[in-house]
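Student: Below is start-v4.cif; it holds mmCIF, C-alpha atoms.
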```
data_my_file
#
loop_
_atom_site.group_PDB
_atom_site.id
_atom_site.type_symbol
_atom_site.label_atom_id
_atom_site.label_comp_id
_atom_site.auth_asym_id
_atom_site.auth_seq_id
_atom_site.Cartn_x
_atom_site.Cartn_y
_atom_site.Cartn_z
ATOM 1 C CA MET A 30 0.000 0.000 0.000
ATOM 2 C CA GLU A 31 1.364 3.413 -0.991
ATOM 3 C CA LEU A 32 2.006 5.808 1.839
ATOM 4 C CA LEU A 33 -0.381 8.747 2.123
ATOM 5 C CA PHE A 34 2.321 11.424 1.887
ATOM 6 C CA LYS A 35 3.275 10.307 -1.637
ATOM 7 C CA GLU A 36 -0.075 11.575 -2.845
ATOM 8 C CA ILE A 37 -0.731 14.657 -0.724
ATOM 9 C CA ILE A 38 2.735 16.211 -1.169
ATOM 10 C CA LYS A 39 3.400 14.773 -4.623
ATOM 11 C CA GLU A 40 4.176 18.174 -6.136
ATOM 12 C CA GLU A 41 6.529 19.112 -3.314
ATOM 13 C CA LEU A 42 8.417 15.822 -3.685
ATOM 14 C CA GLU A 43 8.852 16.439 -7.407
ATOM 15 C CA GLU A 44 10.166 19.925 -6.619
ATOM 16 C CA LEU A 45 12.511 18.387 -4.046
ATOM 17 C CA GLU A 46 14.126 16.089 -6.626
ATOM 18 C CA ILE A 47 14.601 18.986 -9.050
ATOM 19 C CA SER A 48 16.074 21.111 -6.253
ATOM 20 C CA LEU A 49 18.490 18.360 -5.171
ATOM 21 C CA LEU A 50 19.825 17.898 -8.692
ATOM 22 C CA SER A 51 20.260 21.626 -9.245
ATOM 23 C CA SER A 52 21.929 22.046 -5.841
ATOM 24 C CA ILE A 53 24.763 19.610 -6.539
ATOM 25 C CA GLY A 54 25.992 21.252 -9.723
ATOM 26 C CA SER A 55 29.688 22.108 -9.891
ATOM 27 C CA ASP A 56 32.251 23.448 -12.347
ATOM 28 C CA VAL A 57 34.229 20.331 -11.503
ATOM 29 C CA ASP A 58 32.528 17.632 -13.579
ATOM 30 C CA LEU A 59 33.715 14.742 -11.410
ATOM 31 C CA ALA A 60 32.224 16.317 -8.280
ATOM 32 C CA THR A 61 28.849 16.574 -10.010
ATOM 33 C CA GLU A 62 29.101 13.052 -11.438
ATOM 34 C CA VAL A 63 29.940 11.343 -8.148
ATOM 35 C CA THR A 64 27.394 13.342 -6.142
ATOM 36 C CA GLN A 65 24.649 12.752 -8.691
ATOM 37 C CA TYR A 66 25.415 9.031 -8.488
ATOM 38 C CA VAL A 67 24.453 8.909 -4.808
ATOM 39 C CA VAL A 68 21.561 11.416 -5.030
ATOM 40 C CA ASP A 69 20.063 9.451 -7.946
ATOM 41 C CA SER A 70 20.093 6.285 -5.830
ATOM 42 C CA GLY A 71 16.984 7.644 -4.164
ATOM 43 C CA GLY A 72 16.316 6.447 -0.657
ATOM 44 C CA LYS A 73 13.247 6.996 1.451
ATOM 45 C CA ARG A 74 13.675 10.802 1.715
ATOM 46 C CA ILE A 75 11.970 10.439 5.100
ATOM 47 C CA ARG A 76 13.734 13.432 6.667
ATOM 48 C CA PRO A 77 12.726 15.999 4.026
ATOM 49 C CA VAL A 78 9.260 14.410 3.954
ATOM 50 C CA ILE A 79 8.920 15.035 7.704
ATOM 51 C CA CYS A 80 10.083 18.614 7.178
ATOM 52 C CA ILE A 81 7.505 19.240 4.438
ATOM 53 C CA LEU A 82 4.610 17.546 6.261
ATOM 54 C CA VAL A 83 5.291 19.357 9.548
ATOM 55 C CA ALA A 84 5.399 22.743 7.808
ATOM 56 C CA LYS A 85 2.186 21.970 5.918
ATOM 57 C CA MET A 86 0.510 20.769 9.121
ATOM 58 C CA LEU A 87 1.440 24.136 10.667
ATOM 59 C CA ASN A 88 -0.051 25.965 7.648
ATOM 60 C CA TYR A 89 3.227 27.296 6.276
ATOM 61 C CA LYS A 90 2.563 29.293 3.093
ATOM 62 C CA GLY A 91 6.008 30.675 2.255
ATOM 63 C CA SER A 92 8.460 29.821 -0.515
ATOM 64 C CA GLU A 93 11.467 28.438 1.391
ATOM 65 C CA LEU A 94 10.210 24.968 2.290
ATOM 66 C CA ILE A 95 11.737 23.017 -0.603
ATOM 67 C CA LYS A 96 15.082 24.753 -0.079
ATOM 68 C CA LEU A 97 14.981 23.710 3.580
ATOM 69 C CA ALA A 98 13.995 20.130 2.746
ATOM 70 C CA SER A 99 16.827 19.972 0.184
ATOM 71 C CA SER A 100 19.451 21.159 2.672
ATOM 72 C CA ILE A 101 18.304 18.488 5.130
ATOM 73 C CA GLU A 102 18.534 15.719 2.534
ATOM 74 C CA LEU A 103 21.985 16.913 1.450
ATOM 75 C CA LEU A 104 23.181 16.856 5.074
ATOM 76 C CA HIS A 105 21.864 13.316 5.385
ATOM 77 C CA THR A 106 23.522 12.271 2.116
ATOM 78 C CA ALA A 107 26.873 13.670 3.241
ATOM 79 C CA THR A 108 26.719 11.714 6.506
ATOM 80 C CA LEU A 109 25.954 8.507 4.581
ATOM 81 C CA ILE A 110 28.929 8.998 2.258
ATOM 82 C CA HIS A 111 31.293 9.516 5.195
ATOM 83 C CA ASP A 112 29.735 6.643 7.172
ATOM 84 C CA ASP A 113 30.385 4.290 4.264
ATOM 85 C CA VAL A 114 34.056 5.270 4.190
ATOM 86 C CA VAL A 115 34.416 4.799 7.957
ATOM 87 C CA ASP A 116 32.602 1.444 7.891
ATOM 88 C CA GLN A 117 34.103 0.372 4.536
ATOM 89 C CA SER A 118 30.600 -0.530 3.357
ATOM 90 C CA SER A 119 30.532 -2.025 -0.113
ATOM 91 C CA THR A 120 26.952 -1.038 -0.987
ATOM 92 C CA ARG A 121 24.468 1.739 -0.319
ATOM 93 C CA ARG A 122 20.805 1.522 -1.373
ATOM 94 C CA GLY A 123 21.552 -1.500 -3.530
ATOM 95 C CA LYS A 124 24.373 0.215 -5.456
ATOM 96 C CA GLN A 125 28.130 0.291 -4.985
ATOM 97 C CA SER A 126 29.115 2.813 -2.330
ATOM 98 C CA ILE A 127 31.129 5.787 -3.586
ATOM 99 C CA HIS A 128 34.409 4.729 -1.977
ATOM 100 C CA ASN A 129 33.947 1.233 -3.427
ATOM 101 C CA LYS A 130 33.104 2.433 -6.953
ATOM 102 C CA TRP A 131 35.855 5.074 -6.901
ATOM 103 C CA ASP A 132 38.076 5.112 -3.798
ATOM 104 C CA ASN A 133 38.285 6.378 -0.207
ATOM 105 C CA ALA A 134 39.567 9.785 -1.282
ATOM 106 C CA HIS A 135 36.504 10.317 -3.472
ATOM 107 C CA GLY A 136 34.238 9.262 -0.613
ATOM 108 C CA VAL A 137 35.781 11.711 1.854
ATOM 109 C CA LEU A 138 36.051 14.636 -0.549
ATOM 110 C CA VAL A 139 32.639 14.213 -2.148
ATOM 111 C CA GLY A 140 31.109 13.901 1.313
ATOM 112 C CA ASP A 141 32.749 17.252 2.131
ATOM 113 C CA PHE A 142 31.448 18.682 -1.154
ATOM 114 C CA VAL A 143 27.866 17.645 -0.329
ATOM 115 C CA TYR A 144 28.183 19.137 3.162
ATOM 116 C CA SER A 145 29.337 22.411 1.593
ATOM 117 C CA LYS A 146 26.363 22.414 -0.781
ATOM 118 C CA ALA A 147 24.004 21.883 2.161
ATOM 119 C CA PHE A 148 25.584 24.795 4.022
ATOM 120 C CA GLN A 149 25.358 27.034 0.962
ATOM 121 C CA LEU A 150 21.598 26.452 0.969
ATOM 122 C CA MET A 151 21.412 26.966 4.733
ATOM 123 C CA ALA A 152 23.318 30.259 4.520
ATOM 124 C CA SER A 153 20.614 31.726 2.274
ATOM 125 C CA PHE A 154 17.932 31.599 4.999
ATOM 126 C CA ASN A 155 17.047 34.913 6.586
ATOM 127 C CA ASN A 156 16.175 33.198 9.872
ATOM 128 C CA PRO A 157 19.370 32.585 11.898
ATOM 129 C CA GLU A 158 17.534 30.108 14.153
ATOM 130 C CA ILE A 159 17.155 27.675 11.241
ATOM 131 C CA ILE A 160 20.879 27.926 10.523
ATOM 132 C CA ARG A 161 21.666 27.389 14.211
ATOM 133 C CA ILE A 162 19.476 24.273 14.470
ATOM 134 C CA LEU A 163 21.036 22.682 11.388
ATOM 135 C CA ALA A 164 24.602 23.614 12.379
ATOM 136 C CA ASP A 165 24.106 22.225 15.900
ATOM 137 C CA SER A 166 22.602 19.044 14.485
ATOM 138 C CA THR A 167 25.520 18.556 12.100
ATOM 139 C CA ASN A 168 27.874 18.868 15.071
ATOM 140 C CA ARG A 169 25.917 16.350 17.193
ATOM 141 C CA ILE A 170 25.794 13.858 14.309
ATOM 142 C CA SER A 171 29.580 14.094 13.886
ATOM 143 C CA GLU A 172 30.025 13.620 17.637
ATOM 144 C CA GLY A 173 27.805 10.536 17.426
ATOM 145 C CA GLU A 174 30.049 9.036 14.763
ATOM 146 C CA VAL A 175 33.149 9.657 16.887
ATOM 147 C CA LEU A 176 31.358 8.237 19.928
ATOM 148 C CA GLN A 177 30.542 5.069 18.012
ATOM 149 C CA LEU A 178 34.194 4.690 17.023
ATOM 150 C CA THR A 179 35.184 5.116 20.678
ATOM 151 C CA PHE A 180 32.757 2.433 21.816
ATOM 152 C CA LYS A 181 33.999 0.005 19.125
ATOM 153 C CA LEU A 182 37.146 -0.354 21.206
ATOM 154 C CA GLN A 183 35.069 -1.885 24.013
ATOM 155 C CA ASN A 184 34.078 -5.557 24.291
ATOM 156 C CA ASN A 185 30.438 -4.707 24.938
ATOM 157 C CA LEU A 186 27.998 -1.811 24.783
ATOM 158 C CA SER A 187 25.342 -0.839 27.296
ATOM 159 C CA GLU A 188 21.786 0.095 26.318
ATOM 160 C CA LYS A 189 22.469 3.579 27.671
ATOM 161 C CA ASP A 190 25.450 4.042 25.346
ATOM 162 C CA TYR A 191 23.530 2.544 22.415
ATOM 163 C CA PHE A 192 20.698 5.047 22.845
ATOM 164 C CA GLU A 193 23.195 7.890 23.187
ATOM 165 C CA ILE A 194 24.699 6.947 19.817
ATOM 166 C CA ILE A 195 21.415 6.607 17.934
ATOM 167 C CA ASP A 196 20.040 9.778 19.503
ATOM 168 C CA ARG A 197 22.969 11.642 17.978
ATOM 169 C CA LYS A 198 23.482 9.735 14.722
ATOM 170 C CA THR A 199 19.874 9.174 13.639
ATOM 171 C CA ALA A 200 17.296 10.932 15.796
ATOM 172 C CA GLU A 201 19.135 14.267 15.659
ATOM 173 C CA LEU A 202 18.444 14.905 11.969
ATOM 174 C CA PHE A 203 14.840 13.713 12.342
ATOM 175 C CA LYS A 204 14.506 16.326 15.086
ATOM 176 C CA ALA A 205 16.174 19.026 12.994
ATOM 177 C CA SER A 206 13.817 18.230 10.105
ATOM 178 C CA ALA A 207 10.779 18.872 12.291
ATOM 179 C CA LEU A 208 12.153 21.796 14.291
ATOM 180 C CA THR A 209 13.425 23.786 11.307
ATOM 181 C CA ALA A 210 9.990 23.337 9.701
ATOM 182 C CA ALA A 211 8.414 24.502 12.961
ATOM 183 C CA THR A 212 10.724 27.525 13.057
ATOM 184 C CA LEU A 213 9.982 28.336 9.421
ATOM 185 C CA SER A 214 6.279 28.187 10.299
ATOM 186 C CA SER A 215 6.634 30.368 13.440
ATOM 187 C CA CYS A 216 4.835 27.822 15.602
ATOM 188 C CA GLN A 217 3.955 28.160 19.283
ATOM 189 C CA LYS A 218 6.367 27.104 22.055
ATOM 190 C CA ASP A 219 4.249 24.106 23.140
ATOM 191 C CA GLU A 220 3.939 22.950 19.521
ATOM 192 C CA PHE A 221 7.717 23.215 19.149
ATOM 193 C CA GLN A 222 8.245 20.954 22.181
ATOM 194 C CA SER A 223 5.700 18.412 20.962
ATOM 195 C CA LEU A 224 7.412 18.271 17.563
ATOM 196 C CA SER A 225 10.776 17.825 19.258
ATOM 197 C CA ASN A 226 9.413 14.862 21.244
ATOM 198 C CA PHE A 227 7.662 13.401 18.193
ATOM 199 C CA SER A 228 10.627 13.591 15.825
ATOM 200 C CA THR A 229 13.198 12.335 18.340
ATOM 201 C CA SER A 230 11.024 9.317 19.156
ATOM 202 C CA LEU A 231 10.443 8.651 15.456
ATOM 203 C CA GLY A 232 14.177 8.762 14.735
ATOM 204 C CA ILE A 233 14.946 6.349 17.565
ATOM 205 C CA ASN A 234 12.142 4.041 16.458
ATOM 206 C CA PHE A 235 13.413 4.160 12.861
ATOM 207 C CA GLN A 236 16.960 3.216 13.896
ATOM 208 C CA ILE A 237 15.894 0.358 16.162
ATOM 209 C CA LYS A 238 13.799 -1.069 13.327
ATOM 210 C CA ASP A 239 16.802 -0.682 11.016
ATOM 211 C CA ASP A 240 18.898 -2.635 13.500
ATOM 212 C CA LEU A 241 16.310 -5.418 13.553
ATOM 213 C CA LEU A 242 16.388 -5.553 9.754
ATOM 214 C CA ASP A 243 20.162 -6.098 9.877
ATOM 215 C CA TYR A 244 19.400 -9.491 11.417
ATOM 216 C CA PHE A 245 15.987 -10.346 10.042
ATOM 217 C CA GLY A 246 15.487 -8.239 6.902
ATOM 218 C CA ASP A 247 15.226 -9.237 3.253
ATOM 219 C CA GLU A 248 18.341 -8.219 1.293
ATOM 220 C CA SER A 249 16.346 -7.889 -1.925
ATOM 221 C CA LEU A 250 14.162 -5.263 -0.231
ATOM 222 C CA THR A 251 16.666 -3.495 2.035
ATOM 223 C CA GLY A 252 19.439 -3.212 -0.551
ATOM 224 C CA LYS A 253 21.756 -3.921 2.357
ATOM 225 C CA LYS A 254 23.653 -7.104 3.151
ATOM 226 C CA ILE A 255 22.111 -8.963 6.106
ATOM 227 C CA GLY A 256 24.567 -8.950 8.998
ATOM 228 C CA LYS A 257 26.405 -5.848 7.747
ATOM 229 C CA ASP A 258 26.368 -4.154 11.163
ATOM 230 C CA PHE A 259 27.482 -7.366 12.877
ATOM 231 C CA GLU A 260 30.260 -7.774 10.316
ATOM 232 C CA GLU A 261 31.416 -4.237 11.134
ATOM 233 C CA GLY A 262 31.560 -5.086 14.846
ATOM 234 C CA LYS A 263 28.579 -2.949 15.850
ATOM 235 C CA PHE A 264 26.542 -3.637 18.960
ATOM 236 C CA THR A 265 22.894 -2.891 18.208
ATOM 237 C CA LEU A 266 19.807 -3.366 20.360
ATOM 238 C CA PRO A 267 18.841 -6.914 19.245
ATOM 239 C CA LEU A 268 22.296 -8.169 20.235
ATOM 240 C CA ILE A 269 22.577 -6.025 23.380
ATOM 241 C CA LYS A 270 19.281 -7.432 24.694
ATOM 242 C CA ALA A 271 20.026 -11.005 23.600
ATOM 243 C CA LEU A 272 23.518 -11.415 25.097
ATOM 244 C CA PRO A 273 22.458 -11.593 28.786
ATOM 245 C CA MET A 274 19.728 -14.092 27.859
ATOM 246 C CA MET A 275 22.002 -16.732 26.296
ATOM 247 C CA SER A 276 24.406 -19.291 27.702
ATOM 248 C CA LYS A 277 27.968 -18.305 28.528
ATOM 249 C CA ASP A 278 29.351 -20.464 25.691
ATOM 250 C CA LYS A 279 27.060 -18.947 23.068
ATOM 251 C CA ARG A 280 27.763 -15.441 24.353
ATOM 252 C CA SER A 281 31.519 -16.038 24.127
ATOM 253 C CA MET A 282 31.197 -17.443 20.601
ATOM 254 C CA ILE A 283 29.154 -14.453 19.385
ATOM 255 C CA LEU A 284 31.392 -11.837 21.040
ATOM 256 C CA ASP A 285 34.472 -13.522 19.581
ATOM 257 C CA ALA A 286 32.936 -13.430 16.088
ATOM 258 C CA LEU A 287 31.841 -9.816 16.516
ATOM 259 C CA ASN A 288 35.142 -8.479 17.845
ATOM 260 C CA SER A 289 37.570 -10.458 15.696
ATOM 261 C CA ASN A 290 35.911 -10.268 12.259
ATOM 262 C CA LYS A 291 36.296 -14.040 11.958
ATOM 263 C CA GLU A 292 34.194 -16.025 9.524
ATOM 264 C CA CYS A 293 31.057 -17.187 11.305
ATOM 265 C CA ASP A 294 27.750 -18.920 10.637
ATOM 266 C CA PHE A 295 25.519 -15.863 10.726
ATOM 267 C CA LYS A 296 22.364 -17.952 10.317
ATOM 268 C CA GLU A 297 23.292 -19.724 13.550
ATOM 269 C CA ILE A 298 23.804 -16.360 15.277
ATOM 270 C CA ILE A 299 20.376 -15.229 14.093
ATOM 271 C CA ARG A 300 18.857 -18.464 15.414
ATOM 272 C CA ILE A 301 20.501 -17.984 18.832
ATOM 273 C CA ILE A 302 19.304 -14.388 19.105
ATOM 274 C CA LYS A 303 15.777 -15.332 18.048
ATOM 275 C CA ASN A 304 15.622 -18.153 20.614
ATOM 276 C CA THR A 305 16.438 -15.796 23.500
ATOM 277 C CA GLY A 306 13.182 -13.897 23.027
ATOM 278 C CA ALA A 307 15.123 -10.628 22.670
ATOM 279 C CA VAL A 308 13.372 -9.792 19.393
ATOM 280 C CA ARG A 309 10.057 -9.470 21.195
ATOM 281 C CA GLU A 310 11.630 -7.061 23.680
ATOM 282 C CA VAL A 311 13.110 -4.968 20.865
ATOM 283 C CA GLU A 312 9.735 -4.840 19.114
ATOM 284 C CA GLU A 313 8.125 -3.724 22.376
ATOM 285 C CA THR A 314 10.679 -0.920 22.567
ATOM 286 C CA CYS A 315 9.737 0.095 19.012
ATOM 287 C CA ASN A 316 6.082 0.164 20.029
ATOM 288 C CA LEU A 317 6.906 2.316 23.052
ATOM 289 C CA TYR A 318 8.532 4.959 20.864
ATOM 290 C CA SER A 319 5.855 4.817 18.174
ATOM 291 C CA ASN A 320 3.199 5.390 20.843
ATOM 292 C CA LYS A 321 5.141 8.447 22.019
ATOM 293 C CA CYS A 322 5.088 9.744 18.437
ATOM 294 C CA ILE A 323 1.330 9.225 18.137
ATOM 295 C CA ASN A 324 0.607 10.894 21.470
ATOM 296 C CA GLU A 325 2.561 14.008 20.490
ATOM 297 C CA LEU A 326 0.953 14.309 17.043
ATOM 298 C CA GLN A 327 -2.534 14.005 18.492
ATOM 299 C CA LYS A 328 -1.964 17.380 20.169
ATOM 300 C CA PHE A 329 -2.261 18.996 16.716
ATOM 301 C CA PRO A 330 -5.521 19.672 14.824
ATOM 302 C CA LYS A 331 -6.600 16.883 12.511
ATOM 303 C CA SER A 332 -5.499 17.345 8.888
ATOM 304 C CA SER A 333 -4.346 15.256 5.946
ATOM 305 C CA TYR A 334 -0.752 16.227 6.792
ATOM 306 C CA ARG A 335 -1.094 15.020 10.374
ATOM 307 C CA GLU A 336 -2.627 11.781 9.069
ATOM 308 C CA ALA A 337 0.322 11.342 6.704
ATOM 309 C CA LEU A 338 2.746 11.709 9.632
ATOM 310 C CA LEU A 339 0.752 9.127 11.585
ATOM 311 C CA ASP A 340 0.930 6.888 8.511
ATOM 312 C CA ILE A 341 4.723 7.183 8.517
ATOM 313 C CA ILE A 342 4.870 6.097 12.171
ATOM 314 C CA GLU A 343 2.859 2.986 11.341
ATOM 315 C CA SER A 344 4.993 2.220 8.290
ATOM 316 C CA VAL A 345 8.272 2.475 10.235
ATOM 317 C CA ASN A 346 7.326 -0.436 12.501
ATOM 318 C CA GLY A 347 5.879 -2.430 9.618
ATOM 319 C CA ARG A 348 8.636 -1.785 7.127
ATOM 320 C CA LEU A 349 10.571 -4.570 5.450
ATOM 321 C CA SER A 350 13.234 -2.378 3.856
#
```
Please render this file's structure as structure tokens.
Tutor:
Amino acid sequence: MELLFKEIIKEELEELEISLLSSIGSDVDLATEVTQYVVDSGGKRIRPVICILVAKMLNYKGSELIKLASSIELLHTATLIHDDVVDQSSTRRGKQSIHNKWDNAHGVLVGDFVYSKAFQLMASFNNPEIIRILADSTNRISEGEVLQLTFKLQNNLSEKDYFEIIDRKTAELFKASALTAATLSSCQKDEFQSLSNFSTSLGINFQIKDDLLDYFGDESLTGKKIGKDFEEGKFTLPLIKALPMMSKDKRSMILDALNSNKECDFKEIIRIIKNTGAVREVEETCNLYSNKCINELQKFPKSSYREALLDIIESVNGRLS
């Protein structure tokens, strides 16, 4: 079933794609070519969609919304390019990652180029609060990446540290998407707080679901190799919850495979995790955050845009890709 937002903001999404392509132009042909390669790979565009829907829900009538949504998507794209270099990921959205198709230098430099394009768009806003929110978010996202690298040196990761990482790396840009739209729309203080709570919870929910898909997703739908995070030595919530529930021998085997990058039977690891019952606990955590999202959105007047945001919440927990 097609999501509601694809119909009610169809024109805005078409404008977004045109804006993204025009924003990445450069006198240096290779910079345009490499950047267009990753922008053309699509993706869910969930962050700019949130930005557009929130502004529309708040009755924004101005002309800067698509520019804002474009800057948010470019920031997200830049983080993905750099993440792939750090993680040495071979694919992104079902295509070769930039550093794999070209090399690490291209990945780093083109990521910088996309960041600069995002900041060029941001600098054109008359409202300094929008610039501040996006600049602060970019800083927190970078800190989250460094924090994750720091924790990779440890033999385990606590739930507290896990949530600190995903709050910075994922939820932060969800929050910025909603709050910049709220600022653009000159919303009330209580509405601003509700949107902050909604978008942060949605970002956390989205990332936890993504972490579940790393173990139990369908590669043909996700465009991402199953077990990629495990292969990269990342502790995510399904594993964090499962480890205390398994025998000492199985825990030692899994931690050894995770920390040493040894060849392992990943299907067996999936089976062990599933048998602990940890998946149910992770899904309950997803439901907790999705309920927080719903509760915050219900504080706003009913509209097709609010319904589309509610539709996104439902789709995040039900998604297969």
Student: List the neighbours of stretch 103-107 of chain A out to 7 Å using all atoms listed in the file; skip same-chain residues closer than 3 positions along the sequence, and give me the result as a list in words.
Tutor: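 The residues that qualify are Ser99, Ser100, Ile110, His111, Gly140, Asp141, Val143, Tyr144 and Ala147 of chain A.
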Student: Under the rule of at most 10 Å, produce a per-residue listing of stretch 160-222 of chain A near stretch 246-263 of chain A: chain, number, name, the closest pair of atoms, and the distance in Å, as CSV, using all atoms listed in the file.
Tutor:
```
residue,atom,partner,partner_atom,distance
A:Gln177,CA,A:Lys263,CA,8.5
A:Leu178,CA,A:Lys263,CA,9.6
A:Phe180,CA,A:Lys263,CA,9.1
A:Lys181,CA,A:Lys263,CA,7.0
A:Leu182,CA,A:Gly262,CA,9.7
A:Asn184,CA,A:Gly262,CA,9.8
A:Asn185,CA,A:Lys263,CA,9.4
A:Leu186,CA,A:Lys263,CA,9.0
A:Tyr191,CA,A:Lys263,CA,9.9
```
Student: Taking only residues of stretch 50-131 of chain A that have an atom at most 12 Å from an atom of stretch 216-224 of chain A, what is each one's shortest atom pair and its distance in Å to one decimal, using all atoms listed in the file, in chain and number order, as a Markdown table?
Tutor:
```
| residue | atom | partner | partner_atom | distance |
| --- | --- | --- | --- | --- |
| A:Ile79 | CA | A:Leu224 | CA | 10.5 |
| A:Cys80 | CA | A:Leu224 | CA | 10.7 |
| A:Leu82 | CA | A:Leu224 | CA | 11.7 |
| A:Val83 | CA | A:Leu224 | CA | 8.4 |
| A:Ala84 | CA | A:Cys216 | CA | 9.3 |
| A:Lys85 | CA | A:Cys216 | CA | 11.6 |
| A:Met86 | CA | A:Cys216 | CA | 10.5 |
| A:Leu87 | CA | A:Cys216 | CA | 7.0 |
| A:Asn88 | CA | A:Cys216 | CA | 9.5 |
| A:Tyr89 | CA | A:Cys216 | CA | 9.5 |
```
Student: I'd like the residues picked by the PyMOL selection byres ((chain A and resi 319) around 9) written out as a ChimeraX atom specification, using the chain letters and numbers from the file.
Tutor: /A:227,230-231,234,314-318,320-324,342-343,345-346
Student: Would you compute the distance between atom CA of A:Glu193 and atom CA of A:Gly173? Give it in Å to one decimal.
Tutor: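 About the pair atom CA of A:Glu193 and atom CA of A:Gly173: they are 7.8 Å apart.
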Student: Residues at most 10 Å from A:Ser48, counting all atoms listed in the file, excluding those fewer than 2 positions away in the same chain, as an mmCIF file with C-alpha atoms, keeping the file's coordinate frame?
Tutor:
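Listed below is the output, part-v5.cif:
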```
data_model
loop_
_atom_site.group_PDB
_atom_site.id
_atom_site.type_symbol
_atom_site.label_atom_id
_atom_site.label_comp_id
_atom_site.auth_asym_id
_atom_site.auth_seq_id
_atom_site.Cartn_x
_atom_site.Cartn_y
_atom_site.Cartn_z
ATOM 1 C CA LEU A 42 8.417 15.822 -3.685
ATOM 2 C CA GLU A 43 8.852 16.439 -7.407
ATOM 3 C CA GLU A 44 10.166 19.925 -6.619
ATOM 4 C CA LEU A 45 12.511 18.387 -4.046
ATOM 5 C CA GLU A 46 14.126 16.089 -6.626
ATOM 6 C CA LEU A 50 19.825 17.898 -8.692
ATOM 7 C CA SER A 51 20.260 21.626 -9.245
ATOM 8 C CA SER A 52 21.929 22.046 -5.841
ATOM 9 C CA ILE A 53 24.763 19.610 -6.539
ATOM 10 C CA ILE A 95 11.737 23.017 -0.603
ATOM 11 C CA LYS A 96 15.082 24.753 -0.079
ATOM 12 C CA ALA A 98 13.995 20.130 2.746
ATOM 13 C CA SER A 99 16.827 19.972 0.184
ATOM 14 C CA SER A 100 19.451 21.159 2.672
#
```
Student: Between atom CA of A:Ile195 and atom CA of A:Ile233, what is the distance, to one decimal in Å?
Tutor: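 For atom CA of A:Ile195 relative to atom CA of A:Ile233, the distance reads 6.5 Å.
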